[in-house]
Amino acid sequence: MIALNEIGFSGPARPVEGYGPGFFRVGGKVLRGPVLVSPEGAGAWAGDAAALVALAGQVDVLLYGTGAVMAYPDPDLRAAVEEAGLALEPMASPAAARTYNMLLAEGRRVAAALLPV
C-alpha cells in the first residue's frame, strides 16, 4: 500500500497548480502570459532581467521555464542574472513548474520565471 501525505505550503509562496496555452494558475489565480513565482508570491513578469536580479539573496535556486520546449535563455538575461550571483536553470516551463513545486514543498528558497506554453 502506498501512503500519501498532503503537502503544506507556508508563507506567501504558492505552488503552480496548473498551466495551459498562455496561462498559469498559482494560488487559485489565473495569470496570463509570463509569470514570476517567488517567495513573495506570484505575478506577471515582463521578461526583464531586473526582476530576476532583485531576487539575489532571497533564493538559492532560480528556474527559468522557456515555454513548451527547452530553449537557451537570452545571453544578456543570463549574464545579468549570473552577475548578481544567481544561477539560471533553464528547462521547459512544464518541467520548471514541477521542479518549482517539488523544491517549494521541501522548504527550499526557490523562484521560477515561466514563459507560457
# chains A, B, ... in the order shown; residues from 1 in each chain; ligands from 1
$ residues_around --residues "Glu83 of chain A" --least-positions-apart "6" --cutoff "12 Å" --atoms "only C-alpha atoms" --output "PyMOL selection string"
chain A and resi 49-50+52-54+56+75-77
$ write_last_selection --atoms "N, CA and C atoms" --output "short mmCIF file (atom, residue, chain, number, x, y, z; two decimals), in the first residue's frame"
data_model
loop_
_atom_site.label_atom_id
_atom_site.label_comp_id
_atom_site.auth_asym_id
_atom_site.auth_seq_id
_atom_site.Cartn_x
_atom_site.Cartn_y
_atom_site.Cartn_z
N ALA A 49 15.40 41.20 -16.93
CA ALA A 49 16.41 40.69 -16.01
C ALA A 49 16.31 41.36 -14.65
N ALA A 50 15.84 42.60 -14.60
CA ALA A 50 15.80 43.35 -13.33
C ALA A 50 14.97 42.63 -12.27
N LEU A 52 14.51 39.47 -11.99
CA LEU A 52 15.24 38.29 -11.55
C LEU A 52 16.44 38.67 -10.69
N VAL A 53 17.13 39.71 -11.07
CA VAL A 53 18.28 40.20 -10.30
C VAL A 53 17.83 40.62 -8.90
N ALA A 54 16.63 41.15 -8.78
CA ALA A 54 16.10 41.59 -7.48
C ALA A 54 15.95 40.41 -6.51
N ALA A 56 18.24 38.21 -5.92
CA ALA A 56 19.55 37.85 -5.36
C ALA A 56 19.51 37.96 -3.84
N PRO A 75 21.31 35.57 -23.95
CA PRO A 75 22.63 35.70 -23.30
C PRO A 75 22.73 36.91 -22.37
N ASP A 76 22.11 38.03 -22.73
CA ASP A 76 22.15 39.21 -21.87
C ASP A 76 21.40 38.98 -20.56
N LEU A 77 20.25 38.28 -20.64
CA LEU A 77 19.48 37.95 -19.44
C LEU A 77 20.31 37.05 -18.53
#
$ residues_around --residues "Met70 of chain A" --least-positions-apart "3" --cutoff "8 Å" --atoms "only C-alpha atoms" --output "PDB file with N, CA and C atoms, in the first residue's frame"
ATOM      1  N   GLY A  65      11.633  28.765 -16.979  1.00  0.00           N
ATOM      2  CA  GLY A  65      10.797  27.984 -17.887  1.00  0.00           C
ATOM      3  C   GLY A  65      10.746  28.650 -19.242  1.00  0.00           C
ATOM      4  N   THR A  66      11.199  27.944 -20.265  1.00  0.00           N
ATOM      5  CA  THR A  66      11.373  28.529 -21.595  1.00  0.00           C
ATOM      6  C   THR A  66      10.188  28.322 -22.525  1.00  0.00           C
ATOM      7  N   GLY A  67       9.045  27.914 -21.988  1.00  0.00           N
ATOM      8  CA  GLY A  67       7.878  27.670 -22.820  1.00  0.00           C
ATOM      9  C   GLY A  67       7.644  26.182 -22.989  1.00  0.00           C
ATOM     10  N   PRO A  90      17.682  26.776 -16.900  1.00  0.00           N
ATOM     11  CA  PRO A  90      16.650  26.721 -17.942  1.00  0.00           C
ATOM     12  C   PRO A  90      16.115  25.309 -18.158  1.00  0.00           C
ATOM     13  N   MET A  91      14.828  25.242 -18.430  1.00  0.00           N
ATOM     14  CA  MET A  91      14.145  23.997 -18.799  1.00  0.00           C
ATOM     15  C   MET A  91      12.792  24.376 -19.363  1.00  0.00           C
ATOM     16  N   ALA A  92      12.100  23.446 -19.994  1.00  0.00           N
ATOM     17  CA  ALA A  92      10.757  23.728 -20.494  1.00  0.00           C
ATOM     18  C   ALA A  92       9.869  24.132 -19.312  1.00  0.00           C
ATOM     19  N   SER A  93       8.897  24.994 -19.558  1.00  0.00           N
ATOM     20  CA  SER A  93       8.040  25.502 -18.469  1.00  0.00           C
ATOM     21  C   SER A  93       7.307  24.408 -17.695  1.00  0.00           C
TER      22      SER A  93
END
$ atom_distance --atom1 "atom CA of Asp74 of chain A" --atom2 "atom CA of Glu89 of chain A"
12.6 Å
$ residues_around --residues "Val61 of chain A" --least-positions-apart "5" --cutoff "10 Å" --atoms "only C-alpha atoms" --output "PyMOL selection string"
chain A and resi 55-56+86-89+100+103+108-112
$ closest_atom_pairs --of "segment 36-77 of chain A" --to "segment 14-25 of chain A" --cutoff "9 Å" --atoms "only C-alpha atoms" --output "Markdown table"
| residue | atom | partner | partner_atom | distance |
| --- | --- | --- | --- | --- |
| A:Val37 | CA | A:Arg14 | CA | 7.8 |
| A:Ser38 | CA | A:Arg14 | CA | 8.3 |
| A:Pro39 | CA | A:Arg14 | CA | 8.2 |
| A:Gly41 | CA | A:Arg14 | CA | 6.6 |
| A:Ala42 | CA | A:Arg14 | CA | 7.6 |
$ write_last_selection --atoms "C-alpha atoms" --output "PDB file, in the first residue's frame"
ATOM      1  CA  VAL A  37       6.697  32.902  -8.780  1.00  0.00           C
ATOM      2  CA  SER A  38       8.922  33.624  -5.811  1.00  0.00           C
ATOM      3  CA  PRO A  39       8.968  33.632  -2.010  1.00  0.00           C
ATOM      4  CA  GLY A  41       4.152  35.404  -4.266  1.00  0.00           C
ATOM      5  CA  ALA A  42       3.287  35.254  -7.952  1.00  0.00           C
TER       6      ALA A  42
END
$ select_by_dssp --residues "chain A" --states "alpha helix (DSSP H)" --output "MDAnalysis selection string"
chainID A and resid 49:53 75:83 93:105
$ write_last_selection --atoms "N, CA and C atoms" --output "PDB file, in the first residue's frame"
ATOM      1  N   ALA A  49      15.396  41.202 -16.932  1.00  0.00           N
ATOM      2  CA  ALA A  49      16.408  40.695 -16.013  1.00  0.00           C
ATOM      3  C   ALA A  49      16.305  41.361 -14.648  1.00  0.00           C
ATOM      4  N   ALA A  50      15.839  42.605 -14.596  1.00  0.00           N
ATOM      5  CA  ALA A  50      15.796  43.351 -13.332  1.00  0.00           C
ATOM      6  C   ALA A  50      14.972  42.632 -12.266  1.00  0.00           C
ATOM      7  N   ALA A  51      13.845  42.070 -12.657  1.00  0.00           N
ATOM      8  CA  ALA A  51      13.005  41.362 -11.693  1.00  0.00           C
ATOM      9  C   ALA A  51      13.710  40.120 -11.151  1.00  0.00           C
ATOM     10  N   LEU A  52      14.508  39.472 -11.986  1.00  0.00           N
ATOM     11  CA  LEU A  52      15.244  38.288 -11.547  1.00  0.00           C
ATOM     12  C   LEU A  52      16.438  38.670 -10.685  1.00  0.00           C
ATOM     13  N   VAL A  53      17.135  39.711 -11.069  1.00  0.00           N
ATOM     14  CA  VAL A  53      18.280  40.197 -10.298  1.00  0.00           C
ATOM     15  C   VAL A  53      17.833  40.619  -8.898  1.00  0.00           C
ATOM     16  N   PRO A  75      21.314  35.568 -23.953  1.00  0.00           N
ATOM     17  CA  PRO A  75      22.627  35.695 -23.297  1.00  0.00           C
ATOM     18  C   PRO A  75      22.733  36.910 -22.372  1.00  0.00           C
ATOM     19  N   ASP A  76      22.107  38.032 -22.728  1.00  0.00           N
ATOM     20  CA  ASP A  76      22.154  39.212 -21.866  1.00  0.00           C
ATOM     21  C   ASP A  76      21.399  38.978 -20.562  1.00  0.00           C
ATOM     22  N   LEU A  77      20.255  38.284 -20.637  1.00  0.00           N
ATOM     23  CA  LEU A  77      19.485  37.955 -19.439  1.00  0.00           C
ATOM     24  C   LEU A  77      20.306  37.054 -18.533  1.00  0.00           C
ATOM     25  N   ARG A  78      20.890  36.005 -19.099  1.00  0.00           N
ATOM     26  CA  ARG A  78      21.704  35.080 -18.312  1.00  0.00           C
ATOM     27  C   ARG A  78      22.881  35.803 -17.662  1.00  0.00           C
ATOM     28  N   ALA A  79      23.571  36.650 -18.429  1.00  0.00           N
ATOM     29  CA  ALA A  79      24.732  37.366 -17.905  1.00  0.00           C
ATOM     30  C   ALA A  79      24.343  38.271 -16.736  1.00  0.00           C
ATOM     31  N   ALA A  80      23.233  38.988 -16.865  1.00  0.00           N
ATOM     32  CA  ALA A  80      22.796  39.887 -15.788  1.00  0.00           C
ATOM     33  C   ALA A  80      22.458  39.107 -14.523  1.00  0.00           C
ATOM     34  N   VAL A  81      21.784  37.978 -14.679  1.00  0.00           N
ATOM     35  CA  VAL A  81      21.399  37.158 -13.523  1.00  0.00           C
ATOM     36  C   VAL A  81      22.639  36.559 -12.863  1.00  0.00           C
ATOM     37  N   GLU A  82      23.556  36.049 -13.671  1.00  0.00           N
ATOM     38  CA  GLU A  82      24.763  35.453 -13.107  1.00  0.00           C
ATOM     39  C   GLU A  82      25.662  36.498 -12.460  1.00  0.00           C
ATOM     40  N   GLU A  83      25.685  37.706 -13.019  1.00  0.00           N
ATOM     41  CA  GLU A  83      26.466  38.785 -12.415  1.00  0.00           C
ATOM     42  C   GLU A  83      25.935  39.127 -11.020  1.00  0.00           C
ATOM     43  N   SER A  93       8.897  24.994 -19.558  1.00  0.00           N
ATOM     44  CA  SER A  93       8.040  25.502 -18.469  1.00  0.00           C
ATOM     45  C   SER A  93       7.307  24.408 -17.695  1.00  0.00           C
ATOM     46  N   PRO A  94       6.769  23.357 -18.344  1.00  0.00           N
ATOM     47  CA  PRO A  94       6.132  22.306 -17.543  1.00  0.00           C
ATOM     48  C   PRO A  94       7.104  21.664 -16.550  1.00  0.00           C
ATOM     49  N   ALA A  95       8.327  21.392 -16.980  1.00  0.00           N
ATOM     50  CA  ALA A  95       9.329  20.816 -16.083  1.00  0.00           C
ATOM     51  C   ALA A  95       9.722  21.807 -14.992  1.00  0.00           C
ATOM     52  N   ALA A  96       9.840  23.077 -15.349  1.00  0.00           N
ATOM     53  CA  ALA A  96      10.191  24.097 -14.367  1.00  0.00           C
ATOM     54  C   ALA A  96       9.106  24.235 -13.306  1.00  0.00           C
ATOM     55  N   ALA A  97       7.844  24.178 -13.711  1.00  0.00           N
ATOM     56  CA  ALA A  97       6.739  24.274 -12.746  1.00  0.00           C
ATOM     57  C   ALA A  97       6.760  23.083 -11.791  1.00  0.00           C
ATOM     58  N   ARG A  98       6.968  21.893 -12.310  1.00  0.00           N
ATOM     59  CA  ARG A  98       7.025  20.700 -11.449  1.00  0.00           C
ATOM     60  C   ARG A  98       8.205  20.775 -10.487  1.00  0.00           C
ATOM     61  N   THR A  99       9.357  21.178 -11.005  1.00  0.00           N
ATOM     62  CA  THR A  99      10.555  21.275 -10.169  1.00  0.00           C
ATOM     63  C   THR A  99      10.375  22.345  -9.103  1.00  0.00           C
ATOM     64  N   TYR A 100       9.783  23.470  -9.473  1.00  0.00           N
ATOM     65  CA  TYR A 100       9.496  24.535  -8.514  1.00  0.00           C
ATOM     66  C   TYR A 100       8.625  23.997  -7.376  1.00  0.00           C
ATOM     67  N   ASN A 101       7.552  23.302  -7.719  1.00  0.00           N
ATOM     68  CA  ASN A 101       6.647  22.769  -6.704  1.00  0.00           C
ATOM     69  C   ASN A 101       7.366  21.805  -5.765  1.00  0.00           C
ATOM     70  N   MET A 102       8.191  20.947  -6.316  1.00  0.00           N
ATOM     71  CA  MET A 102       8.912  19.975  -5.503  1.00  0.00           C
ATOM     72  C   MET A 102       9.871  20.681  -4.539  1.00  0.00           C
ATOM     73  N   LEU A 103      10.638  21.629  -5.042  1.00  0.00           N
ATOM     74  CA  LEU A 103      11.588  22.348  -4.193  1.00  0.00           C
ATOM     75  C   LEU A 103      10.871  23.202  -3.153  1.00  0.00           C
ATOM     76  N   LEU A 104       9.758  23.800  -3.529  1.00  0.00           N
ATOM     77  CA  LEU A 104       8.965  24.587  -2.587  1.00  0.00           C
ATOM     78  C   LEU A 104       8.447  23.698  -1.451  1.00  0.00           C
ATOM     79  N   ALA A 105       7.974  22.504  -1.805  1.00  0.00           N
ATOM     80  CA  ALA A 105       7.471  21.569  -0.798  1.00  0.00           C
ATOM     81  C   ALA A 105       8.573  21.130   0.166  1.00  0.00           C
TER      82      ALA A 105
END
$ select_by_dssp --residues "chain A" --states "strand (DSSP E)" --output "PyMOL selection string"
chain A and resi 16-20+23-26+29-32+35-38+41-44+61-65+88-91+110-114
$ write_last_selection --atoms "N, CA and C atoms" --output "compact mmCIF listing (two decimals), in the first residue's frame"
# COMPACT_ATOMS: atom_id res chain seq x y z
N VAL A 16 2.61 26.13 -8.30
CA VAL A 16 1.96 26.27 -9.60
C VAL A 16 0.96 25.12 -9.67
N GLU A 17 -0.33 25.47 -9.73
CA GLU A 17 -1.39 24.45 -9.69
C GLU A 17 -1.76 23.93 -11.07
N GLY A 18 -1.46 24.69 -12.10
CA GLY A 18 -1.79 24.26 -13.44
C GLY A 18 -1.31 25.27 -14.46
N TYR A 19 -1.36 24.87 -15.72
CA TYR A 19 -0.97 25.76 -16.81
C TYR A 19 -1.65 25.28 -18.08
N GLY A 20 -1.71 26.15 -19.04
CA GLY A 20 -2.30 25.83 -20.34
C GLY A 20 -1.82 26.85 -21.34
N PHE A 23 -1.34 30.62 -20.10
CA PHE A 23 -1.65 30.96 -18.71
C PHE A 23 -1.03 29.98 -17.72
N PHE A 24 -0.95 30.44 -16.47
CA PHE A 24 -0.57 29.62 -15.33
C PHE A 24 -1.59 29.87 -14.23
N ARG A 25 -1.84 28.87 -13.39
CA ARG A 25 -2.71 29.05 -12.23
C ARG A 25 -1.85 28.85 -10.99
N VAL A 26 -1.78 29.90 -10.17
CA VAL A 26 -0.97 29.90 -8.96
C VAL A 26 -1.82 30.46 -7.83
N LYS A 29 -5.32 31.70 -8.60
CA LYS A 29 -5.48 32.79 -9.57
C LYS A 29 -4.92 32.38 -10.92
N VAL A 30 -5.61 32.77 -11.96
CA VAL A 30 -5.12 32.55 -13.32
C VAL A 30 -4.31 33.78 -13.72
N LEU A 31 -3.06 33.53 -14.11
CA LEU A 31 -2.16 34.59 -14.54
C LEU A 31 -1.83 34.34 -16.01
N ARG A 32 -2.09 35.33 -16.85
CA ARG A 32 -1.85 35.19 -18.28
C ARG A 32 -0.48 35.72 -18.66
N VAL A 35 5.08 34.61 -16.08
CA VAL A 35 4.89 34.85 -14.66
C VAL A 35 6.20 34.63 -13.91
N LEU A 36 6.27 35.25 -12.75
CA LEU A 36 7.38 35.05 -11.83
C LEU A 36 6.77 34.60 -10.51
N VAL A 37 7.14 33.41 -10.08
CA VAL A 37 6.70 32.90 -8.78
C VAL A 37 7.92 32.87 -7.88
N SER A 38 7.78 33.46 -6.70
CA SER A 38 8.92 33.62 -5.81
C SER A 38 8.45 33.53 -4.36
N GLY A 41 5.44 35.66 -3.63
CA GLY A 41 4.15 35.40 -4.27
C GLY A 41 4.33 35.25 -5.76
N ALA A 42 3.25 35.44 -6.50
CA ALA A 42 3.29 35.25 -7.95
C ALA A 42 2.65 36.45 -8.64
N GLY A 43 3.16 36.75 -9.83
CA GLY A 43 2.59 37.85 -10.59
C GLY A 43 3.12 37.85 -12.00
N ALA A 44 2.63 38.78 -12.78
CA ALA A 44 3.08 38.92 -14.17
C ALA A 44 4.56 39.27 -14.18
N VAL A 61 17.72 28.88 -5.69
CA VAL A 61 17.50 28.24 -6.98
C VAL A 61 16.57 29.14 -7.80
N LEU A 62 16.98 29.43 -9.04
CA LEU A 62 16.16 30.23 -9.95
C LEU A 62 15.93 29.42 -11.22
N LEU A 63 14.71 28.93 -11.36
CA LEU A 63 14.33 28.14 -12.52
C LEU A 63 13.82 29.06 -13.61
N TYR A 64 14.13 28.73 -14.85
CA TYR A 64 13.70 29.54 -15.99
C TYR A 64 12.95 28.64 -16.96
N GLY A 65 11.63 28.76 -16.98
CA GLY A 65 10.80 27.98 -17.89
C GLY A 65 10.75 28.65 -19.24
N LEU A 88 20.97 30.61 -13.33
CA LEU A 88 19.71 30.44 -14.05
C LEU A 88 19.64 29.01 -14.55
N GLU A 89 18.59 28.28 -14.17
CA GLU A 89 18.42 26.88 -14.55
C GLU A 89 17.32 26.77 -15.61
N PRO A 90 17.68 26.78 -16.90
CA PRO A 90 16.65 26.72 -17.94
C PRO A 90 16.11 25.31 -18.16
N MET A 91 14.83 25.24 -18.43
CA MET A 91 14.15 24.00 -18.80
C MET A 91 12.79 24.38 -19.36
N VAL A 110 13.25 29.04 -3.48
CA VAL A 110 13.21 28.84 -4.92
C VAL A 110 12.30 29.86 -5.58
N ALA A 111 12.62 30.20 -6.82
CA ALA A 111 11.76 31.05 -7.64
C ALA A 111 11.75 30.48 -9.05
N ALA A 112 10.71 30.80 -9.80
CA ALA A 112 10.63 30.36 -11.18
C ALA A 112 10.08 31.48 -12.06
N ALA A 113 10.80 31.75 -13.12
CA ALA A 113 10.35 32.67 -14.17
C ALA A 113 9.85 31.79 -15.30
N LEU A 114 8.57 31.88 -15.62
CA LEU A 114 7.95 30.94 -16.54
C LEU A 114 7.36 31.63 -17.76
$ atom_distance --atom1 "atom CA of Gly57 of chain A" --atom2 "atom CA of Pro73 of chain A"
21.4 Å
$ atom_distance --atom1 "atom CA of Gln58 of chain A" --atom2 "atom CA of Pro116 of chain A"
24.1 Å
$ closest_residue --among "A:Leu115, A:Ala13, A:Ala84, A:Ala46" --to "Val69 of chain A" --atoms "only C-alpha atoms"
A:Leu115
